[in-house]
file entry.txt (compact mmCIF, C-alpha atoms and all ligand atoms)
# COMPACT_ATOMS: atom_id res chain seq x y z
CA MET A 1 120.06 111.02 117.46
CA GLN A 2 117.22 109.57 119.49
CA CYS A 3 113.69 109.90 118.19
CA GLU A 4 110.29 108.30 118.59
CA GLY A 5 108.32 106.28 116.12
CA LYS A 6 105.61 103.72 115.68
CA ILE A 7 106.16 100.08 114.74
CA ILE A 8 104.20 99.45 111.56
CA LYS A 9 105.49 95.98 110.73
CA GLY A 10 107.62 93.26 112.26
CA ILE A 11 109.21 90.52 110.16
CA ALA A 12 111.86 87.99 111.18
CA GLY A 13 113.48 89.99 113.92
CA PHE A 14 113.26 93.29 112.09
CA TYR A 15 110.92 96.06 113.04
CA TYR A 16 109.83 98.73 110.63
CA VAL A 17 109.29 101.98 112.50
CA TYR A 18 107.57 105.01 111.06
CA VAL A 19 109.21 108.23 112.17
CA ASN A 20 107.51 111.54 111.40
CA GLY A 21 109.49 113.58 108.92
CA ARG A 22 111.74 110.66 108.13
CA GLY A 23 109.61 107.76 106.97
CA VAL A 24 110.15 104.07 107.60
CA VAL A 25 113.29 103.04 109.48
CA GLU A 26 114.37 99.39 109.53
CA CYS A 27 115.39 98.42 113.04
CA LYS A 28 116.80 95.49 114.88
CA ALA A 29 115.67 95.11 118.47
CA LYS A 30 119.00 93.68 119.72
CA GLY A 31 117.71 91.58 122.57
CA LEU A 32 116.21 94.58 124.32
CA PHE A 33 112.72 93.14 124.45
CA ARG A 34 113.88 89.73 125.54
CA LYS A 35 115.59 91.39 128.47
CA GLN A 36 112.42 93.34 129.31
CA GLY A 37 110.30 90.23 128.81
CA VAL A 38 107.93 91.91 126.38
CA LYS A 39 106.98 91.25 122.81
CA PRO A 40 106.63 94.42 120.76
CA LEU A 41 103.51 94.69 118.68
CA VAL A 42 102.64 96.55 115.57
CA GLY A 43 101.31 99.89 116.84
CA ASP A 44 103.78 100.16 119.69
CA MET A 45 105.56 103.46 120.14
CA VAL A 46 109.31 103.13 120.53
CA ARG A 47 112.35 105.26 121.11
CA LEU A 48 115.07 104.57 118.59
CA ASP A 49 118.37 105.60 117.19
CA ALA A 50 117.43 106.16 113.56
CA GLU A 51 121.07 106.25 112.29
CA SER A 52 122.00 102.84 113.63
CA GLY A 53 118.49 101.44 113.32
CA SER A 54 118.29 100.28 116.91
CA ILE A 55 115.28 100.45 119.18
CA THR A 56 116.28 101.57 122.64
CA GLU A 57 112.96 101.67 124.47
CA LEU A 58 109.44 100.39 124.19
CA LEU A 59 107.06 103.12 125.35
CA ALA A 60 104.02 102.45 127.53
CA ARG A 61 101.10 100.82 125.76
CA LYS A 62 97.60 102.29 125.90
CA ASN A 63 95.86 99.04 124.93
CA SER A 64 96.29 96.01 122.72
CA LEU A 65 94.27 93.42 120.87
CA ILE A 66 95.15 89.76 120.47
CA ARG A 67 93.53 89.16 117.10
CA PRO A 68 94.83 91.03 115.24
CA ALA A 69 97.92 91.56 117.40
CA VAL A 70 98.15 95.33 117.49
CA ALA A 71 98.78 97.95 120.17
CA ASN A 72 97.59 101.49 120.84
CA ILE A 73 94.37 101.40 118.88
CA ASP A 74 92.21 104.48 119.01
CA GLN A 75 89.22 103.08 117.21
CA VAL A 76 87.77 100.41 114.97
CA LEU A 77 86.01 101.22 111.73
CA LEU A 78 83.49 98.41 111.42
CA VAL A 79 82.20 98.04 107.88
CA PHE A 80 78.96 96.31 106.95
CA ALA A 81 77.05 96.53 103.68
CA VAL A 82 73.42 97.64 103.68
CA LYS A 83 72.87 94.98 101.06
CA ASP A 84 74.76 92.27 99.16
CA PRO A 85 75.48 90.78 101.63
CA GLU A 86 72.52 91.61 103.87
CA PRO A 87 73.74 93.08 107.15
CA HIS A 88 73.92 90.41 109.80
CA LEU A 89 73.06 92.50 112.84
CA ASN A 90 73.64 89.75 115.37
CA LEU A 91 77.21 89.48 114.10
CA LEU A 92 77.55 93.24 114.19
CA ASP A 93 76.35 93.36 117.80
CA ARG A 94 78.73 90.60 118.80
CA PHE A 95 81.58 92.63 117.42
CA LEU A 96 80.41 95.72 119.32
CA VAL A 97 80.16 93.73 122.55
CA ASN A 98 83.67 92.36 122.11
CA MET A 99 85.17 95.78 121.46
CA SER A 100 83.19 97.41 124.24
CA LYS A 101 84.57 94.83 126.66
CA GLN A 102 88.05 95.83 125.58
CA GLY A 103 87.24 99.50 125.87
CA ILE A 104 87.79 100.25 122.20
CA ARG A 105 85.60 102.73 120.39
CA VAL A 106 83.80 101.48 117.29
CA ILE A 107 82.51 103.57 114.42
CA ILE A 108 79.99 101.75 112.25
CA VAL A 109 80.21 102.26 108.51
CA PHE A 110 77.33 101.10 106.35
CA ASN A 111 78.58 100.74 102.80
CA LYS A 112 76.89 100.22 99.42
CA THR A 113 74.05 102.58 100.22
CA ASP A 114 73.31 102.84 96.50
CA LEU A 115 72.01 99.25 96.52
CA THR A 116 69.02 99.95 98.72
CA GLU A 117 66.27 102.45 99.49
CA GLU A 118 67.30 105.48 101.49
CA SER A 119 64.76 104.54 104.14
CA ASP A 120 66.44 101.16 104.74
CA THR A 121 69.77 102.85 105.30
CA ALA A 122 68.12 105.39 107.59
CA LEU A 123 66.62 102.56 109.64
CA LEU A 124 70.03 100.95 110.16
CA ARG A 125 71.51 104.28 111.10
CA GLN A 126 68.75 104.83 113.62
CA ILE A 127 69.22 101.45 115.31
CA TYR A 128 72.85 102.21 116.09
CA GLU A 129 72.54 105.89 116.79
CA LYS A 130 70.00 105.02 119.49
CA ALA A 131 72.72 102.78 120.89
CA HIS A 132 75.02 105.84 120.96
CA TYR A 133 77.32 104.71 118.19
CA LYS A 134 78.68 106.97 115.51
CA VAL A 135 77.36 105.78 112.15
CA LEU A 136 78.57 106.63 108.68
CA THR A 137 76.75 105.73 105.49
CA ILE A 138 78.92 105.60 102.41
CA THR A 139 79.20 104.23 98.89
CA ALA A 140 82.90 103.45 98.65
CA GLY A 141 82.59 102.19 95.07
CA LYS A 142 81.53 105.66 93.97
CA GLY A 143 83.90 107.52 96.23
CA GLU A 144 81.02 108.80 98.34
CA GLY A 145 81.88 109.37 101.97
CA ARG A 146 85.65 109.55 101.59
CA GLU A 147 85.96 112.95 103.20
CA GLU A 148 83.99 111.94 106.26
CA VAL A 149 86.05 108.79 106.65
CA MET A 150 89.34 110.70 106.28
CA GLU A 151 88.24 113.15 108.94
CA LEU A 152 87.61 110.33 111.37
CA LEU A 153 90.98 108.73 110.66
CA ALA A 154 93.03 111.89 111.16
CA GLY A 155 95.57 111.60 113.94
CA LYS A 156 94.41 108.14 114.96
CA THR A 157 95.38 104.49 114.74
CA THR A 158 92.40 102.68 113.30
CA VAL A 159 91.59 99.04 112.70
CA LEU A 160 89.45 98.37 109.65
CA ALA A 161 87.19 95.37 110.25
CA GLY A 162 84.09 93.72 108.85
CA PRO A 163 82.80 90.54 107.24
CA SER A 164 83.87 89.49 103.74
CA GLY A 165 82.17 91.06 100.78
CA VAL A 166 81.11 94.31 102.42
CA GLY A 167 83.55 96.40 100.38
CA LYS A 168 86.39 96.73 102.85
CA SER A 169 89.04 96.57 100.13
CA THR A 170 87.18 99.14 98.08
CA LEU A 171 87.14 101.43 101.09
CA MET A 172 90.82 100.72 101.70
CA ASN A 173 91.61 101.72 98.11
CA LEU A 174 89.56 104.84 98.52
CA ILE A 175 91.48 105.83 101.64
CA GLU A 176 94.93 104.85 100.38
CA PRO A 177 95.12 104.09 96.67
CA ASP A 178 98.80 103.03 96.97
CA ALA A 179 97.97 100.29 99.45
CA GLY A 180 95.38 98.82 97.14
CA MET A 181 97.80 96.62 95.21
CA GLU A 182 99.00 94.94 98.34
CA THR A 183 95.49 94.35 99.67
CA GLY A 184 94.45 92.91 96.35
CA SER A 185 97.34 90.51 96.01
CA LEU A 186 96.93 89.36 99.59
CA SER A 187 93.29 88.42 99.16
CA GLU A 188 94.20 86.74 95.87
CA LYS A 189 96.63 84.51 97.70
CA ILE A 190 94.01 83.63 100.28
CA LYS A 191 91.48 82.84 97.58
CA ARG A 192 93.95 80.42 96.05
CA GLY A 193 94.08 78.68 99.40
CA LYS A 194 97.84 78.96 99.78
CA ASN A 195 99.22 78.86 103.23
CA THR A 196 100.41 82.44 103.29
CA THR A 197 101.74 84.03 106.43
CA ARG A 198 99.84 87.15 107.14
CA HIS A 199 101.83 90.01 108.50
CA THR A 200 99.99 92.50 110.56
CA GLU A 201 100.90 95.81 109.02
CA LEU A 202 99.91 99.35 109.78
CA ILE A 203 99.62 101.63 106.81
CA HIS A 204 100.69 105.21 107.32
CA ILE A 205 97.97 107.27 105.66
CA ALA A 206 98.65 110.79 106.93
CA GLU A 207 100.56 112.47 109.72
CA ASP A 208 100.05 110.43 112.90
CA SER A 209 97.30 108.48 111.14
CA TYR A 210 97.58 104.74 110.66
CA LEU A 211 95.24 102.09 109.38
CA LEU A 212 95.28 98.33 109.86
CA ASP A 213 93.29 96.17 107.48
CA THR A 214 92.06 92.85 108.88
CA PRO A 215 90.75 89.70 107.19
CA GLY A 216 86.99 89.39 106.92
CA PHE A 217 85.26 87.48 109.70
CA SER A 218 82.07 85.46 109.44
CA SER A 219 81.41 84.50 113.04
CA LEU A 220 82.40 85.71 116.46
CA TYR A 221 82.16 84.03 119.81
CA ILE A 222 81.84 85.99 122.95
CA ASP A 223 82.82 83.21 125.29
CA SER A 224 84.58 85.32 127.87
CA ILE A 225 81.48 87.30 128.83
CA GLU A 226 79.10 86.26 131.61
CA ALA A 227 75.36 86.64 131.01
CA LEU A 228 74.88 89.35 133.63
CA GLU A 229 77.95 91.22 132.45
CA LEU A 230 76.61 91.50 128.90
CA GLN A 231 74.47 94.57 129.62
CA ASP A 232 77.60 96.56 130.47
CA TYR A 233 78.57 96.33 126.81
CA TYR A 234 75.24 97.60 125.50
CA PRO A 235 75.48 101.36 126.07
CA GLU A 236 71.76 101.97 125.68
CA ILE A 237 70.79 99.11 128.03
CA LYS A 238 73.29 100.24 130.62
CA GLU A 239 71.79 103.70 130.38
CA HIS A 240 68.34 102.50 131.47
CA ALA A 241 69.36 99.67 133.80
CA ASP A 242 69.65 101.76 136.95
CA SER A 243 65.92 102.37 137.22
CA CYS A 244 64.88 98.71 137.05
CA ARG A 245 63.05 97.45 140.15
CA PHE A 246 65.55 94.72 140.90
CA ALA A 247 69.26 95.20 141.32
CA GLY A 248 70.97 92.74 139.00
CA CYS A 249 67.98 92.78 136.63
CA SER A 250 68.75 90.75 133.53
CA HIS A 251 66.11 92.74 131.59
CA ILE A 252 64.67 89.51 130.25
CA LYS A 253 61.81 88.35 132.49
CA GLU A 254 61.77 90.66 135.53
CA PRO A 255 58.77 92.91 136.27
CA ASP A 256 59.16 96.71 136.31
CA CYS A 257 62.11 96.57 133.99
CA SER A 258 63.05 99.99 132.66
CA VAL A 259 64.97 98.47 129.80
CA LYS A 260 61.91 96.60 128.52
CA LYS A 261 59.89 99.80 128.88
CA ALA A 262 62.48 101.66 126.85
CA VAL A 263 62.21 98.99 124.15
CA GLU A 264 58.40 99.32 124.10
CA SER A 265 58.59 103.10 123.79
CA GLY A 266 61.20 102.84 121.04
CA LEU A 267 64.07 104.44 122.94
CA ILE A 268 65.99 101.20 122.56
CA ALA A 269 65.85 99.55 119.13
CA LYS A 270 64.07 96.21 119.30
CA GLU A 271 66.65 94.65 116.95
CA ARG A 272 69.34 95.43 119.51
CA TYR A 273 67.24 94.18 122.39
CA GLU A 274 66.43 90.92 120.61
CA ASN A 275 70.11 90.32 119.95
CA TYR A 276 70.83 91.11 123.59
CA CYS A 277 68.31 88.45 124.64
CA ARG A 278 69.89 85.93 122.29
CA LEU A 279 73.42 86.61 123.47
CA TYR A 280 72.22 86.54 127.08
CA GLU A 281 70.64 83.15 126.57
CA GLU A 282 73.78 81.91 124.88
CA ALA A 283 75.99 83.10 127.74
CA ALA A 284 73.62 81.78 130.42
CA THR A 285 73.44 78.27 129.00
CA ARG A 286 77.09 77.99 128.03
CA LYS A 287 78.92 75.06 129.56
CA LYS A 288 81.44 76.06 132.16
CA TYR A 289 84.71 74.21 132.23
ZN ZN B 1 65.66 95.49 133.76

call {"tool": "encode", "arguments": {"input": "entry.txt", "output": "structure tokens"}}
result
Amino acid sequence: MQCEGKIIKGIAGFYYVYVNGRGVVECKAKGLFRKQGVKPLVGDMVRLDAESGSITELLARKNSLIRPAVANIDQVLLVFAVKDPEPHLNLLDRFLVNMSKQGIRVIIVFNKTDLTEESDTALLRQIYEKAHYKVLTITAGKGEGREEVMELLAGKTTVLAGPSGVGKSTLMNLIEPDAGMETGSLSEKIKRGKNTTRHTELIHIAEDSYLLDTPGFSSLYIDSIEALELQDYYPEIKEHADSCRFAGCSHIKEPDCSVKKAVESGLIAKERYENYCRLYEEAATRKKY
């Protein structure tokens, strides 16, 4: 009996495929992919024979990321803490630019809202809502915001990302208590500095809903983006760019720049604009090889 499923894990030539109504099926690819010249990724949809555990077809991919190697992502849940650690907005913006370039939707989650004044959280929310991002504010440690998060995850394949220490594991445990053990032991191994192989693994959390946890990141380079291209990945800058006096306006020094006017009038958050200027400068002065 042929059916369809989603690859949730691949280890040593075996693929673990989640099939609705059946659960995880262990499959062997049997040279199929070598013949097709493709490498299946976690997240790929496949056609399989569940009785014999053989994958017969790799279905068309919607998108894929390289790091982590995962296919068919609907969205990224990007977690930052409002405090402890302080939110590093330049890092946050870099992440948004990277994902925007790859056409992947990001939802920003500000965690640990109990550690700061409500007005500070509101300010952060405002900065990113002005940039047309969906923003959630939660306190994962107290279970606050779970419902909202679950609603966003329903029916989607989501990557959970964010720097270390922002409470990603706490959120993961809140979403899927059973997966908590695994997450915990994995980060323990990393803490001990052992050379552990990390397997990219999707966790099935509800019908047609999958979540991929990723290791915390502390820096991000955006070395594949040209200075003038950068504005395309700032939704709110792109929105105002058409009415600038000069075509190809960089929105840095040009006169009659609608973007700068929008910053002055508060339509664009100055924190975002300042980070844009920094990233622009970085891209413009980067050595070309
Ligand atoms: Zn401009």

call {"tool": "residues_near_ligand", "arguments": {"input": "entry.txt", "ligand": "ligand ZN 1 (chain B)", "cutoff": "8 Å", "atoms": "all atoms listed in the file", "output": "list in words"}}
result
His240, Ala241, Ser243, Cys244, Arg245, Phe246, Gly248, Cys249, Ser250, His251, Ile252, Glu254, Pro255, Asp256, Cys257, Ser258, Val259 and Lys260 of chain A

call {"tool": "write_last_selection", "arguments": {"input": "entry.txt", "atoms": "C-alpha atoms", "output": "mmCIF file, in the frame of the given file"}}
result
data_model
loop_
_atom_site.group_PDB
_atom_site.id
_atom_site.type_symbol
_atom_site.label_atom_id
_atom_site.label_comp_id
_atom_site.auth_asym_id
_atom_site.auth_seq_id
_atom_site.Cartn_x
_atom_site.Cartn_y
_atom_site.Cartn_z
ATOM 1 C CA HIS A 240 68.340 102.500 131.470
ATOM 2 C CA ALA A 241 69.360 99.670 133.800
ATOM 3 C CA SER A 243 65.920 102.370 137.220
ATOM 4 C CA CYS A 244 64.880 98.710 137.050
ATOM 5 C CA ARG A 245 63.050 97.450 140.150
ATOM 6 C CA PHE A 246 65.550 94.720 140.900
ATOM 7 C CA GLY A 248 70.970 92.740 139.000
ATOM 8 C CA CYS A 249 67.980 92.780 136.630
ATOM 9 C CA SER A 250 68.750 90.750 133.530
ATOM 10 C CA HIS A 251 66.110 92.740 131.590
ATOM 11 C CA ILE A 252 64.670 89.510 130.250
ATOM 12 C CA GLU A 254 61.770 90.660 135.530
ATOM 13 C CA PRO A 255 58.770 92.910 136.270
ATOM 14 C CA ASP A 256 59.160 96.710 136.310
ATOM 15 C CA CYS A 257 62.110 96.570 133.990
ATOM 16 C CA SER A 258 63.050 99.990 132.660
ATOM 17 C CA VAL A 259 64.970 98.470 129.800
ATOM 18 C CA LYS A 260 61.910 96.600 128.520
#

call {"tool": "axis_aligned_box", "arguments": {"input": "entry.txt", "around": "stretch 260-263 of chain A", "padding_each_side": "3 Å", "output": "AutoDock Vina command-line options"}}
result
--center_x 61.2 --center_y 99.1 --center_z 126.5 --size_x 8.6 --size_y 11.1 --size_z 10.7

call {"tool": "closest_residue", "arguments": {"input": "entry.txt", "among": "A:Val76, A:Val70, A:Leu160, A:Leu171", "to": "A:Lys134", "atoms": "all atoms listed in the file"}}
result
A:Val76

call {"tool": "residues_around", "arguments": {"input": "entry.txt", "residues": "A:Leu152", "least_positions_apart": "3", "cutoff": "12 Å", "atoms": "only C-alpha atoms", "output": "MDAnalysis selection string"}}
result
chainID A and resid 74:77 105:109 134:136 145:149 155:158 175 206 209:211

call {"tool": "atom_distance", "arguments": {"input": "entry.txt", "atom1": "atom CA of A:Thr113", "atom2": "atom CA of A:Glu144"}}
result
9.5 Å

call {"tool": "residues_around", "arguments": {"input": "entry.txt", "residues": "A:His88", "least_positions_apart": "4", "cutoff": "12 Å", "atoms": "all atoms listed in the file", "output": "VMD selection string"}}
result
chain A and resid 79 to 84 92 to 95 110 124 162 to 164 166 217 to 220 271 to 272 275

call {"tool": "write_last_selection", "arguments": {"input": "entry.txt", "atoms": "C-alpha atoms", "output": "PDB file, in the coordinates of the input"}}
result
ATOM      1  CA  VAL A  79      82.200  98.040 107.880  1.00  0.00           C
ATOM      2  CA  PHE A  80      78.960  96.310 106.950  1.00  0.00           C
ATOM      3  CA  ALA A  81      77.050  96.530 103.680  1.00  0.00           C
ATOM      4  CA  VAL A  82      73.420  97.640 103.680  1.00  0.00           C
ATOM      5  CA  LYS A  83      72.870  94.980 101.060  1.00  0.00           C
ATOM      6  CA  ASP A  84      74.760  92.270  99.160  1.00  0.00           C
ATOM      7  CA  LEU A  92      77.550  93.240 114.190  1.00  0.00           C
ATOM      8  CA  ASP A  93      76.350  93.360 117.800  1.00  0.00           C
ATOM      9  CA  ARG A  94      78.730  90.600 118.800  1.00  0.00           C
ATOM     10  CA  PHE A  95      81.580  92.630 117.420  1.00  0.00           C
ATOM     11  CA  PHE A 110      77.330 101.100 106.350  1.00  0.00           C
ATOM     12  CA  LEU A 124      70.030 100.950 110.160  1.00  0.00           C
ATOM     13  CA  GLY A 162      84.090  93.720 108.850  1.00  0.00           C
ATOM     14  CA  PRO A 163      82.800  90.540 107.240  1.00  0.00           C
ATOM     15  CA  SER A 164      83.870  89.490 103.740  1.00  0.00           C
ATOM     16  CA  VAL A 166      81.110  94.310 102.420  1.00  0.00           C
ATOM     17  CA  PHE A 217      85.260  87.480 109.700  1.00  0.00           C
ATOM     18  CA  SER A 218      82.070  85.460 109.440  1.00  0.00           C
ATOM     19  CA  SER A 219      81.410  84.500 113.040  1.00  0.00           C
ATOM     20  CA  LEU A 220      82.400  85.710 116.460  1.00  0.00           C
ATOM     21  CA  GLU A 271      66.650  94.650 116.950  1.00  0.00           C
ATOM     22  CA  ARG A 272      69.340  95.430 119.510  1.00  0.00           C
ATOM     23  CA  ASN A 275      70.110  90.320 119.950  1.00  0.00           C
TER      24      ASN A 275
END

call {"tool": "atom_distance", "arguments": {"input": "entry.txt", "atom1": "atom CA of A:Val19", "atom2": "atom CA of A:Lys39"}}
result
20.2 Å

call {"tool": "atom_distance", "arguments": {"input": "entry.txt", "atom1": "atom CA of A:Gly141", "atom2": "atom CA of A:Thr170"}}
result
6.3 Å

call {"tool": "closest_residue", "arguments": {"input": "entry.txt", "among": "A:Gly53, A:Gly10, A:Pro177, A:Gly165", "to": "A:Glu201", "atoms": "all atoms listed in the file"}}
result
A:Gly10
